[in-house]
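Engineer: Sharing target.cif, mmCIF, C-alpha atoms:
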data_my_file
loop_
_atom_site.label_atom_id
_atom_site.label_comp_id
_atom_site.auth_asym_id
_atom_site.auth_seq_id
_atom_site.Cartn_x
_atom_site.Cartn_y
_atom_site.Cartn_z
CA MET A 1 9.86 -45.86 27.15
CA ALA A 2 7.24 -43.23 27.64
CA ASN A 3 3.91 -44.19 28.93
CA LEU A 4 1.25 -44.99 26.32
CA LYS A 5 -1.21 -42.45 27.58
CA ASP A 6 1.37 -39.65 27.50
CA ILE A 7 2.24 -40.33 23.92
CA LYS A 8 -1.38 -40.43 22.95
CA ARG A 9 -1.96 -37.09 24.61
CA ARG A 10 0.98 -35.59 22.80
CA ILE A 11 -0.26 -36.86 19.46
CA GLY A 12 -3.59 -35.23 20.19
CA SER A 13 -2.05 -31.89 21.01
CA VAL A 14 0.20 -31.87 17.96
CA LYS A 15 -2.82 -32.68 15.83
CA ASN A 16 -4.60 -29.70 17.28
CA THR A 17 -1.64 -27.49 16.56
CA ARG A 18 -1.51 -28.73 13.03
CA GLN A 19 -5.13 -27.87 12.55
CA ILE A 20 -4.50 -24.35 13.78
CA THR A 21 -1.45 -23.77 11.65
CA ARG A 22 -3.27 -25.14 8.65
CA ALA A 23 -6.15 -22.75 9.21
CA MET A 24 -3.74 -19.85 9.65
CA LYS A 25 -2.05 -20.77 6.44
CA MET A 26 -5.33 -20.66 4.56
CA VAL A 27 -6.24 -17.30 6.04
CA ALA A 28 -2.82 -15.88 5.19
CA ALA A 29 -3.08 -17.25 1.68
CA ALA A 30 -6.44 -15.59 1.11
CA LYS A 31 -5.24 -12.28 2.50
CA MET A 32 -2.10 -12.46 0.49
CA ARG A 33 -3.95 -13.07 -2.74
CA ARG A 34 -6.04 -9.98 -2.19
CA ALA A 35 -3.03 -7.93 -1.13
CA HIS A 36 -1.10 -9.10 -4.14
CA GLU A 37 -3.86 -7.94 -6.46
CA ASN A 38 -3.79 -4.54 -4.80
CA VAL A 39 -0.04 -4.29 -5.18
CA LEU A 40 -0.22 -5.08 -8.86
CA ALA A 41 -3.13 -2.71 -9.40
CA SER A 42 -1.40 0.26 -7.87
CA ARG A 43 2.02 -0.22 -9.42
CA PRO A 44 1.22 1.53 -12.71
CA TYR A 45 -0.10 4.53 -10.83
CA GLU A 46 3.08 4.85 -8.86
CA GLU A 47 5.29 4.35 -11.89
CA LYS A 48 3.48 6.90 -14.00
CA MET A 49 3.58 9.42 -11.23
CA LEU A 50 7.28 8.92 -10.67
CA GLN A 51 7.87 9.38 -14.37
CA VAL A 52 6.14 12.74 -14.52
CA LEU A 53 7.67 13.78 -11.26
CA ASN A 54 11.16 12.97 -12.46
CA SER A 55 10.74 14.94 -15.62
CA LEU A 56 9.33 17.88 -13.70
CA ALA A 57 11.97 17.79 -11.01
CA ARG A 58 14.82 17.48 -13.47
CA ARG A 59 13.67 20.58 -15.18
CA ALA A 60 13.12 22.39 -11.95
CA GLY A 61 16.43 21.70 -10.21
CA ASP A 62 16.69 21.01 -6.54
CA SER A 63 16.19 24.51 -5.26
CA LEU A 64 12.67 24.90 -6.45
CA HIS A 65 10.75 22.98 -3.89
CA PRO A 66 11.46 22.43 -0.20
CA LEU A 67 10.86 18.69 -0.58
CA LEU A 68 13.71 18.48 -3.06
CA GLU A 69 16.17 20.33 -0.89
CA HIS A 70 19.36 18.58 0.11
CA ARG A 71 20.59 19.38 3.56
CA GLU A 72 23.44 17.99 5.54
CA ALA A 73 21.89 15.02 7.32
CA LYS A 74 22.03 15.67 11.03
CA ASN A 75 18.86 13.88 11.88
CA ILE A 76 17.20 11.15 9.93
CA LEU A 77 13.76 9.64 10.02
CA ILE A 78 13.19 6.00 9.25
CA VAL A 79 9.70 4.90 8.37
CA LEU A 80 9.55 1.23 9.16
CA PHE A 81 6.84 -1.14 7.94
CA SER A 82 6.53 -4.17 10.19
CA SER A 83 3.61 -6.34 11.21
CA ASP A 84 1.19 -6.25 14.11
CA LYS A 85 1.24 -9.97 14.71
CA GLY A 86 3.97 -12.53 14.84
CA LEU A 87 4.05 -16.03 13.41
CA CYS A 88 5.33 -14.85 10.09
CA GLY A 89 8.78 -16.40 9.96
CA GLY A 90 11.70 -14.09 9.39
CA PHE A 91 9.54 -11.23 8.14
CA ASN A 92 10.25 -8.89 11.02
CA ALA A 93 13.67 -10.25 11.91
CA THR A 94 15.18 -9.48 8.50
CA LEU A 95 13.49 -6.11 8.52
CA PHE A 96 15.00 -5.21 11.87
CA ARG A 97 18.40 -6.49 10.87
CA ARG A 98 18.44 -4.21 7.86
CA THR A 99 17.14 -1.31 9.90
CA ASN A 100 19.85 -1.83 12.50
CA GLU A 101 22.41 -1.67 9.74
CA LEU A 102 20.93 1.58 8.55
CA ILE A 103 20.98 2.96 12.07
CA HIS A 104 24.57 1.85 12.43
CA GLU A 105 25.58 3.55 9.18
CA ASN A 106 24.12 6.76 10.51
CA GLU A 107 25.80 6.61 13.88
CA GLY A 108 26.19 9.96 15.55
CA LYS A 109 23.10 11.38 13.92
CA GLY A 110 19.77 11.72 15.58
CA ILE A 111 17.64 8.75 14.61
CA TYR A 112 13.92 9.18 14.53
CA LEU A 113 11.67 6.23 13.90
CA SER A 114 8.17 6.16 12.59
CA VAL A 115 6.90 2.64 12.87
CA VAL A 116 3.99 0.81 11.39
CA GLY A 117 3.01 -2.32 13.27
CA ARG A 118 3.25 -3.38 16.87
CA LYS A 119 6.30 -5.60 16.35
CA ALA A 120 8.58 -2.74 15.40
CA LYS A 121 7.29 -0.63 18.22
CA ASP A 122 8.03 -3.34 20.76
CA PHE A 123 11.41 -4.04 19.27
CA TYR A 124 12.63 -0.45 19.18
CA SER A 125 11.13 0.98 22.30
CA GLY A 126 13.85 1.44 24.89
CA LYS A 127 16.51 1.36 22.20
CA ASN A 128 18.72 4.29 21.38
CA VAL A 129 16.30 5.88 18.95
CA ILE A 130 13.58 8.44 19.18
CA MET A 131 10.16 6.98 18.59
CA GLU A 132 8.53 9.66 16.51
CA LYS A 133 5.22 8.07 15.68
CA SER A 134 3.73 4.65 15.73
CA TYR A 135 0.78 3.31 13.83
CA ILE A 136 -0.58 0.22 15.46
CA ASP A 137 -3.41 -2.12 14.60
CA PHE A 138 -3.17 -0.90 11.08
CA SER A 139 -4.21 -3.98 9.16
CA ARG A 140 -7.86 -3.06 9.22
CA ASP A 141 -7.39 0.33 7.64
CA ILE A 142 -4.71 -0.20 5.06
CA GLY A 143 -5.59 2.29 2.43
CA PRO A 144 -4.84 5.68 0.95
CA HIS A 145 -6.10 7.32 4.10
CA LEU A 146 -3.59 5.71 6.42
CA ALA A 147 -0.85 6.29 3.86
CA SER A 148 -1.57 9.98 3.63
CA GLU A 149 -1.55 10.24 7.40
CA ILE A 150 1.89 8.67 7.57
CA GLY A 151 2.98 10.77 4.62
CA LYS A 152 1.80 13.98 6.17
CA ASP A 153 3.76 13.30 9.34
CA ALA A 154 6.91 12.51 7.39
CA VAL A 155 6.58 15.62 5.24
CA LYS A 156 5.95 17.73 8.29
CA ALA A 157 9.08 16.44 10.03
CA PHE A 158 11.12 17.10 6.91
CA MET A 159 9.72 20.56 6.20
CA SER A 160 10.20 21.75 9.75
CA GLU A 161 13.85 20.65 9.44
CA LYS A 162 13.46 18.35 12.38
CA VAL A 163 14.91 15.68 10.15
CA ASP A 164 17.02 16.13 7.04
CA LYS A 165 16.49 12.79 5.40
CA VAL A 166 13.67 10.30 5.34
CA TYR A 167 14.04 6.62 4.55
CA THR A 168 11.44 3.96 4.22
CA VAL A 169 12.28 0.38 5.10
CA PHE A 170 9.86 -2.31 4.03
CA ASN A 171 9.55 -5.81 2.64
CA ARG A 172 8.95 -5.80 -1.07
CA PHE A 173 6.74 -8.52 -2.40
CA LYS A 174 8.81 -10.47 -4.89
CA SER A 175 6.81 -13.63 -5.05
CA VAL A 176 4.62 -15.71 -2.82
CA ILE A 177 7.59 -17.15 -1.03
CA ALA A 178 10.17 -14.43 -1.44
CA GLN A 179 10.37 -11.03 0.11
CA GLU A 180 13.15 -8.58 -0.07
CA VAL A 181 13.90 -5.81 2.38
CA ILE A 182 14.18 -2.49 0.63
CA VAL A 183 15.66 0.70 2.01
CA ARG A 184 14.48 3.62 -0.02
CA PRO A 185 15.42 7.24 0.48
CA LEU A 186 12.10 9.04 0.34
CA LEU A 187 13.01 12.65 1.07
CA PRO A 188 14.56 14.71 -0.27
CA LEU A 189 13.40 13.34 -3.53
CA ILE A 190 16.21 12.62 -5.93
CA PRO A 191 15.19 12.85 -9.55
CA GLU A 192 16.46 9.91 -11.49
CA GLU A 193 18.95 10.54 -14.21
CA THR A 194 17.72 9.24 -17.48
CA ASP A 195 20.45 8.08 -19.79
CA SER A 196 18.90 9.52 -22.90
CA ASP A 197 16.84 12.65 -22.99
CA GLU A 198 14.10 10.78 -24.77
CA PHE A 199 12.07 13.51 -26.36
CA GLU A 200 12.03 15.81 -23.40
CA VAL A 201 8.93 17.64 -24.35
CA ASP A 202 8.29 21.00 -22.89
CA TYR A 203 4.75 21.17 -21.80
CA ILE A 204 2.39 23.98 -21.32
CA TYR A 205 1.78 23.96 -17.61
CA GLU A 206 -1.39 24.88 -15.88
CA PRO A 207 -1.16 26.52 -13.40
CA SER A 208 2.69 26.56 -13.43
CA ALA A 209 5.43 23.96 -13.39
CA GLU A 210 6.28 24.88 -9.81
CA ALA A 211 2.72 24.58 -8.59
CA ILE A 212 2.19 21.26 -10.30
CA LEU A 213 5.48 19.98 -8.99
CA GLY A 214 4.54 20.95 -5.45
CA ASP A 215 1.17 19.31 -5.79
CA ILE A 216 2.52 16.13 -7.24
CA LEU A 217 5.42 15.92 -4.82
CA VAL A 218 3.22 15.91 -1.77
CA LYS A 219 0.97 13.40 -3.44
CA TYR A 220 3.89 11.29 -4.46
CA VAL A 221 5.03 10.85 -0.88
CA ASP A 222 1.60 9.49 -0.07
CA VAL A 223 1.59 7.21 -3.06
CA GLU A 224 5.03 5.92 -2.25
CA ILE A 225 4.01 5.15 1.29
CA TYR A 226 0.77 3.60 0.14
CA GLN A 227 2.72 1.36 -2.16
CA SER A 228 5.13 0.39 0.63
CA LEU A 229 2.19 -0.39 2.87
CA LEU A 230 0.64 -2.67 0.29
CA GLU A 231 3.93 -4.37 -0.49
CA SER A 232 4.63 -4.90 3.17
CA TRP A 233 1.17 -6.24 3.87
CA ALA A 234 1.35 -8.67 0.96
CA SER A 235 4.82 -9.76 2.07
CA GLU A 236 3.71 -10.24 5.64
CA ASN A 237 0.95 -12.56 4.58
CA GLY A 238 3.22 -14.35 2.16
CA ALA A 239 5.76 -14.87 4.92
CA ARG A 240 3.07 -16.03 7.31
CA MET A 241 1.73 -18.44 4.77
CA ALA A 242 5.17 -19.95 4.21
CA ALA A 243 5.85 -20.13 7.94
CA MET A 244 2.53 -21.79 8.64
CA ASP A 245 2.99 -24.16 5.76
CA SER A 246 6.26 -25.43 7.17
CA ALA A 247 4.77 -25.53 10.65
CA THR A 248 1.96 -27.71 9.31
CA ARG A 249 4.47 -29.96 7.63
CA ASN A 250 6.60 -30.21 10.76
CA ALA A 251 3.54 -31.10 12.80
CA GLY A 252 2.76 -33.86 10.31
CA GLU A 253 6.26 -35.24 10.67
CA MET A 254 6.02 -35.09 14.41
CA ILE A 255 2.72 -36.91 14.38
CA SER A 256 4.11 -39.77 12.34
CA LYS A 257 7.14 -39.98 14.60
CA LEU A 258 4.95 -40.06 17.69
CA THR A 259 2.61 -42.59 16.16
CA LEU A 260 5.55 -44.86 15.50
CA GLN A 261 6.66 -44.44 19.07
CA TYR A 262 3.15 -45.12 20.27
CA ASN A 263 2.87 -48.33 18.25
CA ARG A 264 6.21 -49.52 19.49
CA ALA A 265 5.26 -48.85 23.06
CA ARG A 266 1.98 -50.67 22.57
CA GLN A 267 3.77 -53.59 20.99
CA ALA A 268 6.21 -53.69 23.88
CA ALA A 269 3.37 -53.60 26.39
CA ILE A 270 1.61 -56.49 24.64
CA THR A 271 4.79 -58.50 24.51
CA THR A 272 5.39 -57.99 28.21
CA GLU A 273 1.83 -59.00 28.94
CA ILE A 274 2.12 -62.22 26.92
CA ILE A 275 5.36 -63.07 28.63
CA GLU A 276 3.72 -62.50 31.98
CA ILE A 277 0.76 -64.75 31.10
CA VAL A 278 2.92 -67.47 29.66
CA SER A 279 5.30 -67.50 32.57
CA GLY A 280 2.32 -67.44 34.95
CA ALA A 281 0.85 -70.49 33.22
CA LYS A 282 4.25 -72.21 33.26
CA ALA A 283 4.51 -71.60 36.98
CA LEU A 284 1.08 -73.17 37.59
CA GLU A 285 1.92 -76.22 35.45
CA GLY A 286 5.13 -76.80 37.31
CA MET B 1 -17.75 7.51 -36.09
CA ALA B 2 -15.29 4.97 -37.32
CA SER B 3 -13.03 7.20 -39.35
CA LYS B 4 -12.67 9.83 -36.68
CA GLU B 5 -9.23 10.72 -35.46
CA THR B 6 -8.48 9.40 -32.02
CA PHE B 7 -5.86 9.53 -29.30
CA SER B 8 -5.01 6.89 -26.74
CA LEU B 9 -6.53 7.49 -23.37
CA GLU B 10 -5.49 5.99 -20.07
CA ILE B 11 -7.08 6.75 -16.76
CA ILE B 12 -5.08 5.29 -13.90
CA THR B 13 -5.99 5.20 -10.23
CA PRO B 14 -4.29 3.54 -7.27
CA VAL B 15 -6.70 0.63 -7.57
CA GLY B 16 -5.85 -0.05 -11.18
CA LYS B 17 -6.31 1.11 -14.72
CA LEU B 18 -9.88 2.21 -15.05
CA VAL B 19 -9.86 3.15 -18.70
CA GLU B 20 -7.61 2.15 -21.53
CA SER B 21 -9.08 3.03 -24.85
CA ARG B 22 -8.98 5.29 -27.85
CA ALA B 23 -10.98 8.43 -27.56
CA SER B 24 -11.83 11.22 -29.93
CA TYR B 25 -12.62 13.85 -27.36
CA LEU B 26 -12.05 14.46 -23.66
CA SER B 27 -13.10 17.21 -21.35
CA ALA B 28 -12.11 17.72 -17.74
CA SER B 29 -11.83 20.48 -15.22
CA GLY B 30 -8.23 21.54 -14.80
CA ALA B 31 -6.58 23.86 -12.33
CA GLU B 32 -7.58 26.86 -14.41
CA GLY B 33 -10.96 25.77 -15.54
CA GLU B 34 -12.56 23.38 -17.92
CA PHE B 35 -10.60 22.21 -20.91
CA GLY B 36 -11.24 20.00 -23.87
CA VAL B 37 -8.82 17.80 -25.77
CA LEU B 38 -9.03 16.77 -29.40
CA PRO B 39 -6.41 14.72 -31.23
CA GLY B 40 -3.35 16.78 -32.04
CA HIS B 41 -3.48 18.84 -28.89
CA ILE B 42 -0.33 20.65 -27.86
CA ASP B 43 1.73 19.05 -25.06
CA PHE B 44 0.13 20.08 -21.88
CA LEU B 45 0.29 19.17 -18.21
CA THR B 46 -2.25 20.23 -15.67
CA THR B 47 -3.56 19.31 -12.30
CA LEU B 48 -7.20 18.40 -12.10
CA GLN B 49 -9.86 19.71 -9.83
CA PRO B 50 -12.23 17.25 -8.29
CA GLY B 51 -14.89 17.10 -10.93
CA GLU B 52 -16.10 15.31 -13.97
CA ILE B 53 -14.29 13.85 -16.89
CA MET B 54 -16.13 13.19 -20.11
CA TYR B 55 -14.65 11.31 -22.99
CA GLU B 56 -16.01 10.11 -26.26
CA ASP B 57 -15.08 6.92 -28.03
CA ASP B 58 -16.71 4.53 -30.51
CA GLU B 59 -19.33 3.61 -28.02
CA GLY B 60 -20.35 7.15 -27.25
CA LYS B 61 -19.88 9.41 -24.30
CA HIS B 62 -18.58 8.26 -20.96
CA TYR B 63 -18.61 10.16 -17.73
CA LEU B 64 -16.40 9.77 -14.69
CA ALA B 65 -16.25 11.45 -11.32
CA VAL B 66 -12.63 12.07 -10.32
CA GLY B 67 -10.89 13.35 -7.24
CA TRP B 68 -7.48 14.98 -7.19
CA GLY B 69 -5.29 14.15 -10.13
CA TYR B 70 -3.44 15.44 -13.09
CA ALA B 71 -3.57 15.01 -16.82
CA GLU B 72 -0.67 14.69 -19.20
CA VAL B 73 -1.74 15.57 -22.70
CA LYS B 74 0.29 14.85 -25.79
CA SER B 75 -0.70 15.08 -29.39
CA ASP B 76 -1.69 11.44 -29.60
CA SER B 77 -2.19 10.41 -26.00
CA VAL B 78 -3.77 11.51 -22.77
CA ILE B 79 -2.84 10.03 -19.44
CA VAL B 80 -4.96 10.91 -16.46
CA LEU B 81 -3.78 9.99 -13.00
CA ALA B 82 -6.45 10.41 -10.38
CA ASP B 83 -6.50 9.36 -6.77
CA SER B 84 -10.07 8.27 -7.32
CA ALA B 85 -12.24 7.85 -10.38
CA GLU B 86 -15.66 6.32 -10.64
CA THR B 87 -18.06 5.58 -13.43
CA PRO B 88 -21.73 6.26 -12.69
CA ASP B 89 -22.18 2.51 -12.23
CA MET B 90 -19.58 2.47 -9.50
CA ILE B 91 -21.13 5.29 -7.53
CA ASN B 92 -22.91 4.24 -4.42
CA ILE B 93 -25.56 6.91 -4.32
CA GLU B 94 -26.75 6.22 -0.78
CA ARG B 95 -23.24 6.45 0.46
CA ALA B 96 -22.64 9.70 -1.42
CA GLU B 97 -25.83 11.21 0.02
CA GLU B 98 -24.77 10.11 3.49
CA ASP B 99 -21.33 11.61 2.98
CA LYS B 100 -22.85 14.84 1.86
CA GLU B 101 -25.06 15.06 4.90
CA HIS B 102 -22.17 14.16 7.17
CA TRP B 103 -19.88 16.86 5.79
CA VAL B 104 -22.61 19.50 5.76
CA ASN B 105 -23.14 18.85 9.46
CA GLU B 106 -19.45 18.79 10.10
CA ILE B 107 -18.95 22.16 8.46
CA ALA B 108 -21.87 23.64 10.38
CA ASN B 109 -20.27 22.52 13.63
CA LEU B 110 -16.84 23.89 12.98
CA PRO B 111 -15.80 27.47 13.61
CA GLN B 112 -15.46 29.40 10.35
CA GLU B 113 -11.75 30.09 10.68
CA ASP B 114 -10.76 26.52 11.34
CA GLY B 115 -8.48 24.93 8.78
CA GLU B 116 -10.57 21.79 9.01
CA VAL B 117 -13.41 23.58 7.28
CA PHE B 118 -11.38 23.69 4.13
CA VAL B 119 -10.80 19.96 4.21
CA CYS B 120 -14.47 19.32 4.90
CA ARG B 121 -15.54 21.52 2.03
CA LYS B 122 -13.35 19.50 -0.30
CA LYS B 123 -14.95 16.30 0.90
CA LEU B 124 -18.39 17.78 0.56
CA GLN B 125 -17.53 18.86 -2.94
CA ARG B 126 -16.53 15.34 -3.84
CA ALA B 127 -19.76 13.90 -2.54
CA GLN B 128 -21.67 16.53 -4.48
CA ILE B 129 -19.86 15.69 -7.70
CA ARG B 130 -20.77 12.06 -7.31
CA ILE B 131 -24.39 12.89 -6.64
CA ASP B 132 -24.63 15.26 -9.58
CA LEU B 133 -23.08 12.81 -11.96
CA TYR B 134 -25.27 10.00 -10.74
CA ASN B 135 -28.44 11.98 -11.03
CA ARG B 136 -27.64 13.29 -14.47
CA THR B 137 -26.70 9.96 -15.99
CA LYS B 138 -28.86 7.54 -14.03
CA GLY B 139 -31.69 9.55 -12.64
CA LYS B 140 -34.64 10.66 -14.61
#
Let's see the structure in the file written out as structure tokens.

Structural biologist:
Amino acid sequence: MANLKDIKRRIGSVKNTRQITRAMKMVAAAKMRRAHENVLASRPYEEKMLQVLNSLARRAGDSLHPLLEHREAKNILIVLFSSDKGLCGGFNATLFRRTNELIHENEGKGIYLSVVGRKAKDFYSGKNVIMEKSYIDFSRDIGPHLASEIGKDAVKAFMSEKVDKVYTVFNRFKSVIAQEVIVRPLLPLIPEETDSDEFEVDYIYEPSAEAILGDILVKYVDVEIYQSLLESWASENGARMAAMDSATRNAGEMISKLTLQYNRARQAAITTEIIEIVSGAKALEG
Amino acid sequence: MASKETFSLEIITPVGKLVESRASYLSASGAEGEFGVLPGHIDFLTTLQPGEIMYEDDEGKHYLAVGWGYAEVKSDSVIVLADSAETPDMINIERAEEDKEHWVNEIANLPQEDGEVFVCRKKLQRAQIRIDLYNRTKGK
């Protein structure tokens, strides 16, 4: 049986850990709440934009704008949204698993990676991919600015025909405890087919349909990336909160197990002591 | 004003829906100049210049400073998507003044031909729009 002092020390250290994980859980929960609000706030913007874009692009056909152009995919770019820090459960692991699948599907093609977050950079450096760009320590400046920077780089790579297809891979925020890895083809943009031509109105365009389309397309890439950023950030904090919650619970379990062990050991020590005293007294009597 | 004809107006930005109301008139600066919308307008899609949007509803006139965006006009609805939109109350005037100063300096320091100048001018323009709107609605 372990020594009393050792057990006591272990209980102390587990208690400390529990305090830390509990604090981390609170922080993650607060961040997640804010991130979640942002996600919800920006969804209508994205949806509306996609709607207009689809109707414009459908009318325009795929030859009208370079960002709509389909080319044979020789090189692809994957924009990957991971986290800077760990301790967020399977957040990054599932993301990488899905990304590896995507890379596998595209075997033989040149794979370029643009990564957000230190974790993805560490994971993929030295692997058989070309690290195009990495954005690290991003959590402080999540915002339209960062998104448009990432967007600009992706558009540039696509326009210069360095890559022929761009995917984004990110965790979508489903609920506080559930995330879902999404692979979304970003470029070329594929206009969605609507089942019914619900009053396809022909607008008057100012300046022209092409010009508006071009304007909106470039913007849309930014918006899409902004949305992915927000979703990923909210998911990361959700995942961290869940991970820290179970860590806190595990620590609690461990503490009660150790306390039991400690009490048993103490009991055993007392029993031995009594036996020693009694047998000492017996020996004197005799 | 109650019996006036109205159209539904939505102004959406990445940080949420800023305006959702019924308006009787809207004016904004589009790609080819200022335009006004009354109910029953022909279907119309335009990009917006950074500038001001004014709309009128039951409570009177409202002004907004917007950045890049576009407007989708239909006979009974107008949807404005803008990457930024602020009411005069939301404008931080000190910050706008600071921005203005910053970009003026920036432009002065850049060579004329530089592409950056263009970007800086845009930013300066935005700051100026905020300041103008603020002064006109809040100032004396």

Engineer: I need the contact residues of chain B against chain A, so if you could list those with any atom within 10 Å, counting all atoms listed in the file, and return them as a list in words, that would help.

Structural biologist: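 My answer is Ile11, Ile12, Thr13, Pro14, Val15, Gly16, Lys17, Gly30, Ala31, Glu32, Gly33, Ile42, Asp43, Phe44, Leu45, Thr46, Thr47, Leu48, Trp68, Gly69, Tyr70, Glu72, Val73, Lys74, Ile79, Val80, Leu81, Ala82 and Asp83 of chain B.
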
Engineer: Using all atoms listed in the file, which protein or nucleic acid residues come within 12 Å of Leu80 (chain A)? Drop anything in the same chain fewer than 4 positions from it, and give the result as a ChimeraX atom specification.

Structural biologist: /A:92,95-100,102-103,112-121,123-124,131-136,150,154,166-171,181-184,225,228-229,232

Engineer: Those selected residues, please, written with C-alpha atoms and delivered as a PDB file, keeping the file's coordinate frame.

Structural biologist:
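New file selection_38.pdb:
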ATOM      1  CA  ASN A  92      10.250  -8.890  11.020  1.00  0.00           C
ATOM      2  CA  LEU A  95      13.490  -6.110   8.520  1.00  0.00           C
ATOM      3  CA  PHE A  96      15.000  -5.210  11.870  1.00  0.00           C
ATOM      4  CA  ARG A  97      18.400  -6.490  10.870  1.00  0.00           C
ATOM      5  CA  ARG A  98      18.440  -4.210   7.860  1.00  0.00           C
ATOM      6  CA  THR A  99      17.140  -1.310   9.900  1.00  0.00           C
ATOM      7  CA  ASN A 100      19.850  -1.830  12.500  1.00  0.00           C
ATOM      8  CA  LEU A 102      20.930   1.580   8.550  1.00  0.00           C
ATOM      9  CA  ILE A 103      20.980   2.960  12.070  1.00  0.00           C
ATOM     10  CA  TYR A 112      13.920   9.180  14.530  1.00  0.00           C
ATOM     11  CA  LEU A 113      11.670   6.230  13.900  1.00  0.00           C
ATOM     12  CA  SER A 114       8.170   6.160  12.590  1.00  0.00           C
ATOM     13  CA  VAL A 115       6.900   2.640  12.870  1.00  0.00           C
ATOM     14  CA  VAL A 116       3.990   0.810  11.390  1.00  0.00           C
ATOM     15  CA  GLY A 117       3.010  -2.320  13.270  1.00  0.00           C
ATOM     16  CA  ARG A 118       3.250  -3.380  16.870  1.00  0.00           C
ATOM     17  CA  LYS A 119       6.300  -5.600  16.350  1.00  0.00           C
ATOM     18  CA  ALA A 120       8.580  -2.740  15.400  1.00  0.00           C
ATOM     19  CA  LYS A 121       7.290  -0.630  18.220  1.00  0.00           C
ATOM     20  CA  PHE A 123      11.410  -4.040  19.270  1.00  0.00           C
ATOM     21  CA  TYR A 124      12.630  -0.450  19.180  1.00  0.00           C
ATOM     22  CA  MET A 131      10.160   6.980  18.590  1.00  0.00           C
ATOM     23  CA  GLU A 132       8.530   9.660  16.510  1.00  0.00           C
ATOM     24  CA  LYS A 133       5.220   8.070  15.680  1.00  0.00           C
ATOM     25  CA  SER A 134       3.730   4.650  15.730  1.00  0.00           C
ATOM     26  CA  TYR A 135       0.780   3.310  13.830  1.00  0.00           C
ATOM     27  CA  ILE A 136      -0.580   0.220  15.460  1.00  0.00           C
ATOM     28  CA  ILE A 150       1.890   8.670   7.570  1.00  0.00           C
ATOM     29  CA  ALA A 154       6.910  12.510   7.390  1.00  0.00           C
ATOM     30  CA  VAL A 166      13.670  10.300   5.340  1.00  0.00           C
ATOM     31  CA  TYR A 167      14.040   6.620   4.550  1.00  0.00           C
ATOM     32  CA  THR A 168      11.440   3.960   4.220  1.00  0.00           C
ATOM     33  CA  VAL A 169      12.280   0.380   5.100  1.00  0.00           C
ATOM     34  CA  PHE A 170       9.860  -2.310   4.030  1.00  0.00           C
ATOM     35  CA  ASN A 171       9.550  -5.810   2.640  1.00  0.00           C
ATOM     36  CA  VAL A 181      13.900  -5.810   2.380  1.00  0.00           C
ATOM     37  CA  ILE A 182      14.180  -2.490   0.630  1.00  0.00           C
ATOM     38  CA  VAL A 183      15.660   0.700   2.010  1.00  0.00           C
ATOM     39  CA  ARG A 184      14.480   3.620  -0.020  1.00  0.00           C
ATOM     40  CA  ILE A 225       4.010   5.150   1.290  1.00  0.00           C
ATOM     41  CA  SER A 228       5.130   0.390   0.630  1.00  0.00           C
ATOM     42  CA  LEU A 229       2.190  -0.390   2.870  1.00  0.00           C
ATOM     43  CA  SER A 232       4.630  -4.900   3.170  1.00  0.00           C
TER      44      SER A 232
END

Engineer: Between CA of Phe7 (chain B) and CA of Val78 (chain B), what is the spacing in Å?

Structural biologist: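 Rounded to one decimal, the two atoms are 7.1 Å apart.
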
Engineer: Which residue out of A:Arg58, A:His36, A:Lys74, A:Lys162 has the minimum interatomic distance to Gly238 (chain A) when only C-alpha atoms are used?

Structural biologist: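 Using only C-alpha atoms, the shortest distance to Gly238 (chain A) belongs to A:His36.
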
Engineer: Step by step, work through what the PyMOL selection byres ((chain B and resi 103) around 10) selects in the shown file, and finish by giving those residues as a PDB file with C-alpha atoms, in the coordinates of the input.

Structural biologist:
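So the final result, stored in result_21.pdb, reads:
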ATOM      1  CA  GLU B  98     -24.770  10.110   3.490  1.00  0.00           C
ATOM      2  CA  ASP B  99     -21.330  11.610   2.980  1.00  0.00           C
ATOM      3  CA  LYS B 100     -22.850  14.840   1.860  1.00  0.00           C
ATOM      4  CA  GLU B 101     -25.060  15.060   4.900  1.00  0.00           C
ATOM      5  CA  HIS B 102     -22.170  14.160   7.170  1.00  0.00           C
ATOM      6  CA  VAL B 104     -22.610  19.500   5.760  1.00  0.00           C
ATOM      7  CA  ASN B 105     -23.140  18.850   9.460  1.00  0.00           C
ATOM      8  CA  GLU B 106     -19.450  18.790  10.100  1.00  0.00           C
ATOM      9  CA  ILE B 107     -18.950  22.160   8.460  1.00  0.00           C
ATOM     10  CA  ALA B 108     -21.870  23.640  10.380  1.00  0.00           C
ATOM     11  CA  ASN B 109     -20.270  22.520  13.630  1.00  0.00           C
ATOM     12  CA  VAL B 117     -13.410  23.580   7.280  1.00  0.00           C
ATOM     13  CA  VAL B 119     -10.800  19.960   4.210  1.00  0.00           C
ATOM     14  CA  CYS B 120     -14.470  19.320   4.900  1.00  0.00           C
ATOM     15  CA  ARG B 121     -15.540  21.520   2.030  1.00  0.00           C
ATOM     16  CA  LYS B 122     -13.350  19.500  -0.300  1.00  0.00           C
ATOM     17  CA  LYS B 123     -14.950  16.300   0.900  1.00  0.00           C
ATOM     18  CA  LEU B 124     -18.390  17.780   0.560  1.00  0.00           C
ATOM     19  CA  GLN B 125     -17.530  18.860  -2.940  1.00  0.00           C
ATOM     20  CA  ALA B 127     -19.760  13.900  -2.540  1.00  0.00           C
TER      21      ALA B 127
END

Engineer: When distances are computed from only C-alpha atoms, which of B:Ala23, B:Ala85, B:Ala71, B:Ala28 shows the smallest separation from Glu59 (chain B)?

Structural biologist: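 So, comparing all the options, the nearest one is B:Ala23.
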